[in-house]
Amino acid sequence: MQTLCRLQTSMVKKAKGSHSTSSASASAASGKLVLRIKSNEGIKRSVRQTNSRKKPKAKLKKNKRKFDAMKPKKPPTAFFYFLEDFRKEFQEKNPDVKSMRDIGKACGEKWKTMTYEEKVQYYDVATEKRAEFDRAMAEYNKKMESGEFDETDEESEFDE
(Lines give C-alpha, C1' and ligand atoms only; values in the text may rest on other atoms or scores of the structure.)
Protein backbone atom coordinates (compact mmCIF):
# COMPACT_ATOMS: atom_id res chain seq x y z
CA MET A 1 0.00 0.00 0.00
CA GLN A 2 2.87 2.34 0.77
CA THR A 3 4.39 1.82 -2.66
CA LEU A 4 1.04 2.70 -4.24
CA CYS A 5 0.90 5.97 -2.27
CA ARG A 6 4.50 6.81 -3.24
CA LEU A 7 3.68 6.11 -6.85
CA GLN A 8 0.63 8.35 -6.72
CA THR A 9 2.52 11.24 -5.13
CA SER A 10 5.38 10.97 -7.60
CA MET A 11 2.91 11.00 -10.46
CA VAL A 12 1.23 14.11 -9.05
CA LYS A 13 4.59 15.90 -8.82
CA LYS A 14 5.46 14.96 -12.39
CA ALA A 15 2.05 16.06 -13.62
CA LYS A 16 2.36 19.45 -11.94
CA GLY A 17 5.82 20.03 -13.34
CA SER A 18 5.18 18.98 -16.93
CA HIS A 19 1.51 19.88 -17.20
CA SER A 20 0.88 16.64 -19.11
CA THR A 21 -2.52 15.04 -19.06
CA SER A 22 -1.46 11.48 -19.76
CA SER A 23 -1.51 10.16 -16.21
CA ALA A 24 -3.29 13.02 -14.54
CA SER A 25 -5.91 15.40 -15.88
CA ALA A 26 -6.26 18.95 -14.72
CA SER A 27 -9.68 20.46 -14.51
CA ALA A 28 -9.71 23.92 -16.05
CA ALA A 29 -12.02 25.54 -13.52
CA SER A 30 -10.49 24.47 -10.23
CA GLY A 31 -6.85 23.99 -11.21
CA LYS A 32 -6.60 20.75 -9.21
CA LEU A 33 -5.03 17.57 -10.46
CA VAL A 34 -7.19 14.47 -10.58
CA LEU A 35 -5.56 11.06 -10.76
CA ARG A 36 -7.40 8.31 -12.47
CA ILE A 37 -6.45 4.94 -11.03
CA LYS A 38 -7.45 1.90 -13.02
CA SER A 39 -8.70 -0.94 -10.91
CA ASN A 40 -8.07 -4.60 -11.55
CA GLU A 41 -11.56 -5.43 -10.37
CA GLY A 42 -12.98 -5.73 -13.89
CA ILE A 43 -10.08 -7.89 -14.98
CA LYS A 44 -10.41 -10.15 -11.96
CA ARG A 45 -14.13 -10.56 -12.58
CA SER A 46 -13.56 -11.57 -16.20
CA VAL A 47 -10.92 -14.10 -15.17
CA ARG A 48 -13.30 -15.62 -12.65
CA GLN A 49 -15.99 -15.88 -15.30
CA THR A 50 -13.71 -17.62 -17.78
CA ASN A 51 -12.57 -20.07 -15.10
CA SER A 52 -16.15 -20.88 -14.20
CA ARG A 53 -16.96 -21.60 -17.85
CA LYS A 54 -14.41 -24.38 -18.05
CA LYS A 55 -15.97 -27.78 -18.14
CA PRO A 56 -14.77 -30.23 -15.52
CA LYS A 57 -12.73 -33.05 -16.91
CA ALA A 58 -14.49 -36.36 -16.91
CA LYS A 59 -12.91 -38.87 -14.61
CA LEU A 60 -11.55 -41.80 -16.52
CA LYS A 61 -12.52 -45.15 -15.15
CA LYS A 62 -9.80 -47.72 -15.17
CA ASN A 63 -10.97 -50.95 -16.63
CA LYS A 64 -9.83 -53.77 -14.44
CA ARG A 65 -8.76 -56.48 -16.78
CA LYS A 66 -8.94 -60.00 -15.56
CA PHE A 67 -5.53 -61.56 -15.22
CA ASP A 68 -5.28 -64.53 -17.54
CA ALA A 69 -3.00 -67.14 -16.00
CA MET A 70 -2.90 -69.13 -19.23
CA LYS A 71 -1.54 -66.23 -21.31
CA PRO A 72 2.22 -66.47 -21.99
CA LYS A 73 4.46 -63.85 -20.38
CA LYS A 74 6.62 -61.59 -22.51
CA PRO A 75 10.30 -62.51 -22.38
CA PRO A 76 12.93 -60.12 -21.02
CA THR A 77 15.07 -58.02 -23.34
CA ALA A 78 18.77 -58.56 -24.02
CA PHE A 79 19.67 -56.02 -21.35
CA PHE A 80 17.93 -58.06 -18.65
CA TYR A 81 19.84 -61.19 -19.61
CA PHE A 82 23.02 -59.13 -19.35
CA LEU A 83 21.84 -57.77 -16.00
CA GLU A 84 21.57 -61.31 -14.58
CA ASP A 85 25.19 -62.08 -15.45
CA PHE A 86 26.50 -58.67 -14.48
CA ARG A 87 24.76 -58.71 -11.08
CA LYS A 88 26.53 -61.95 -10.11
CA GLU A 89 29.95 -60.63 -11.15
CA PHE A 90 29.39 -57.22 -9.55
CA GLN A 91 28.33 -58.69 -6.21
CA GLU A 92 31.39 -60.94 -6.13
CA LYS A 93 33.70 -57.97 -6.78
CA ASN A 94 31.78 -55.55 -4.51
CA PRO A 95 30.21 -57.48 -1.61
CA ASP A 96 29.65 -54.26 0.37
CA VAL A 97 27.26 -52.80 -2.26
CA LYS A 98 23.73 -54.05 -1.51
CA SER A 99 21.45 -51.53 -3.19
CA MET A 100 19.87 -52.46 -6.51
CA ARG A 101 20.06 -48.81 -7.51
CA ASP A 102 23.86 -48.82 -7.45
CA ILE A 103 24.04 -52.19 -9.18
CA GLY A 104 21.61 -51.00 -11.86
CA LYS A 105 23.59 -47.81 -12.45
CA ALA A 106 26.84 -49.72 -12.81
CA CYS A 107 25.17 -52.20 -15.14
CA GLY A 108 23.74 -49.44 -17.32
CA GLU A 109 27.12 -47.77 -17.61
CA LYS A 110 28.75 -51.05 -18.58
CA TRP A 111 26.00 -51.82 -21.15
CA LYS A 112 26.49 -48.40 -22.78
CA THR A 113 30.23 -48.93 -23.15
CA MET A 114 29.96 -52.47 -24.54
CA THR A 115 30.45 -53.03 -28.26
CA TYR A 116 27.88 -54.78 -30.43
CA GLU A 117 30.06 -57.90 -30.59
CA GLU A 118 29.96 -58.16 -26.78
CA LYS A 119 26.19 -57.71 -26.72
CA VAL A 120 25.47 -60.27 -29.46
CA GLN A 121 25.29 -63.23 -27.08
CA TYR A 122 22.54 -61.50 -25.07
CA TYR A 123 20.68 -60.46 -28.21
CA ASP A 124 20.77 -64.09 -29.41
CA VAL A 125 19.23 -65.35 -26.17
CA ALA A 126 16.59 -62.64 -26.27
CA THR A 127 15.74 -63.44 -29.90
CA GLU A 128 15.31 -67.15 -29.10
CA LYS A 129 13.06 -66.38 -26.14
CA ARG A 130 11.04 -63.94 -28.23
CA ALA A 131 10.51 -66.59 -30.93
CA GLU A 132 9.29 -69.04 -28.27
CA PHE A 133 6.94 -66.38 -26.93
CA ASP A 134 5.56 -65.65 -30.41
CA ARG A 135 4.86 -69.34 -30.99
CA ALA A 136 3.18 -69.64 -27.59
CA MET A 137 1.06 -66.53 -28.26
CA ALA A 138 -0.05 -67.89 -31.65
CA GLU A 139 -1.08 -71.14 -29.97
CA TYR A 140 -2.82 -69.24 -27.18
CA ASN A 141 -4.73 -67.05 -29.65
CA LYS A 142 -5.89 -70.11 -31.60
CA LYS A 143 -7.17 -71.70 -28.40
CA MET A 144 -8.91 -68.47 -27.39
CA GLU A 145 -10.65 -68.24 -30.77
CA SER A 146 -11.77 -71.84 -30.60
CA GLY A 147 -13.11 -71.25 -27.07
CA GLU A 148 -10.98 -73.76 -25.16
CA PHE A 149 -10.00 -71.26 -22.45
CA ASP A 150 -13.41 -69.64 -21.96
CA GLU A 151 -14.47 -71.89 -19.07
CA THR A 152 -11.15 -71.63 -17.24
CA ASP A 153 -11.05 -67.79 -17.29
CA GLU A 154 -13.74 -67.49 -14.64
CA GLU A 155 -12.14 -70.10 -12.39
CA SER A 156 -8.70 -68.46 -12.39
CA GLU A 157 -7.07 -67.96 -8.98
CA PHE A 158 -5.57 -64.63 -10.03
CA ASP A 159 -8.81 -62.77 -10.83
CA GLU A 160 -9.35 -59.64 -8.77
# chains A, B, ... in the order shown; residues from 1 in each chain; ligands from 1

call {"tool": "residues_around", "arguments": {"residues": "Ile103 in chain A", "least_positions_apart": "3", "cutoff": "12 Å", "atoms": "only C-alpha atoms", "output": "list in words"}}
result
Leu83, Glu84, Asp85, Phe86, Arg87, Lys88, Glu89, Phe90, Gln91, Glu92, Lys93, Asn94, Pro95, Asp96, Val97, Lys98, Ser99, Met100, Ala106, Cys107, Gly108, Glu109 and Lys110 of chain A

call {"tool": "residues_around", "arguments": {"residues": "range 138-140 of chain A", "least_positions_apart": "5", "cutoff": "12 Å", "atoms": "only C-alpha atoms", "output": "list in words"}}
result
Asp68, Ala69, Met70, Lys71, Pro72, Lys73, Ala131, Glu132, Phe133, Glu145, Ser146, Gly147, Glu148, Phe149 and Asp150 of chain A

call {"tool": "write_last_selection", "arguments": {"atoms": "N, CA and C atoms", "output": "short mmCIF file (atom, residue, chain, number, x, y, z; two decimals), in the first residue's frame"}}
result
data_model
loop_
_atom_site.label_atom_id
_atom_site.label_comp_id
_atom_site.auth_asym_id
_atom_site.auth_seq_id
_atom_site.Cartn_x
_atom_site.Cartn_y
_atom_site.Cartn_z
N ASP A 68 -5.15 -63.22 -16.91
CA ASP A 68 -5.28 -64.53 -17.54
C ASP A 68 -4.02 -65.33 -17.25
N ALA A 69 -4.16 -66.34 -16.40
CA ALA A 69 -3.00 -67.14 -16.00
C ALA A 69 -2.49 -68.01 -17.15
N MET A 70 -3.31 -68.26 -18.12
CA MET A 70 -2.90 -69.13 -19.23
C MET A 70 -2.14 -68.36 -20.32
N LYS A 71 -2.20 -67.04 -20.30
CA LYS A 71 -1.54 -66.23 -21.31
C LYS A 71 -0.04 -66.24 -21.08
N PRO A 72 0.76 -66.45 -22.14
CA PRO A 72 2.22 -66.47 -21.99
C PRO A 72 2.77 -65.10 -21.61
N LYS A 73 3.82 -65.10 -20.79
CA LYS A 73 4.46 -63.85 -20.38
C LYS A 73 5.47 -63.41 -21.43
N ALA A 131 11.11 -65.66 -29.96
CA ALA A 131 10.51 -66.59 -30.93
C ALA A 131 9.63 -67.61 -30.21
N GLU A 132 10.11 -68.11 -29.06
CA GLU A 132 9.29 -69.04 -28.27
C GLU A 132 8.00 -68.36 -27.81
N PHE A 133 8.12 -67.12 -27.38
CA PHE A 133 6.94 -66.38 -26.93
C PHE A 133 5.95 -66.18 -28.08
N GLU A 145 -9.65 -68.35 -29.71
CA GLU A 145 -10.65 -68.24 -30.77
C GLU A 145 -11.55 -69.46 -30.82
N SER A 146 -10.97 -70.61 -30.56
CA SER A 146 -11.77 -71.84 -30.60
C SER A 146 -12.63 -71.99 -29.35
N GLY A 147 -12.30 -71.23 -28.28
CA GLY A 147 -13.11 -71.25 -27.07
C GLY A 147 -12.66 -72.27 -26.04
N GLU A 148 -11.45 -72.77 -26.13
CA GLU A 148 -10.98 -73.76 -25.16
C GLU A 148 -10.75 -73.14 -23.78
N PHE A 149 -10.33 -71.88 -23.73
CA PHE A 149 -10.00 -71.26 -22.45
C PHE A 149 -11.17 -70.52 -21.81
N ASP A 150 -12.30 -70.44 -22.47
CA ASP A 150 -13.41 -69.64 -21.96
C ASP A 150 -13.90 -70.10 -20.59
#

call {"tool": "atom_distance", "arguments": {"atom1": "CA of Pro76 in chain A", "atom2": "CA of Ala126 in chain A"}}
result
6.9 Å

call {"tool": "atom_distance", "arguments": {"atom1": "CA of Phe67 in chain A", "atom2": "CA of Thr127 in chain A"}}
result
25.9 Å

call {"tool": "atom_distance", "arguments": {"atom1": "CA of Tyr122 in chain A", "atom2": "CA of Ala136 in chain A"}}
result
21.2 Å
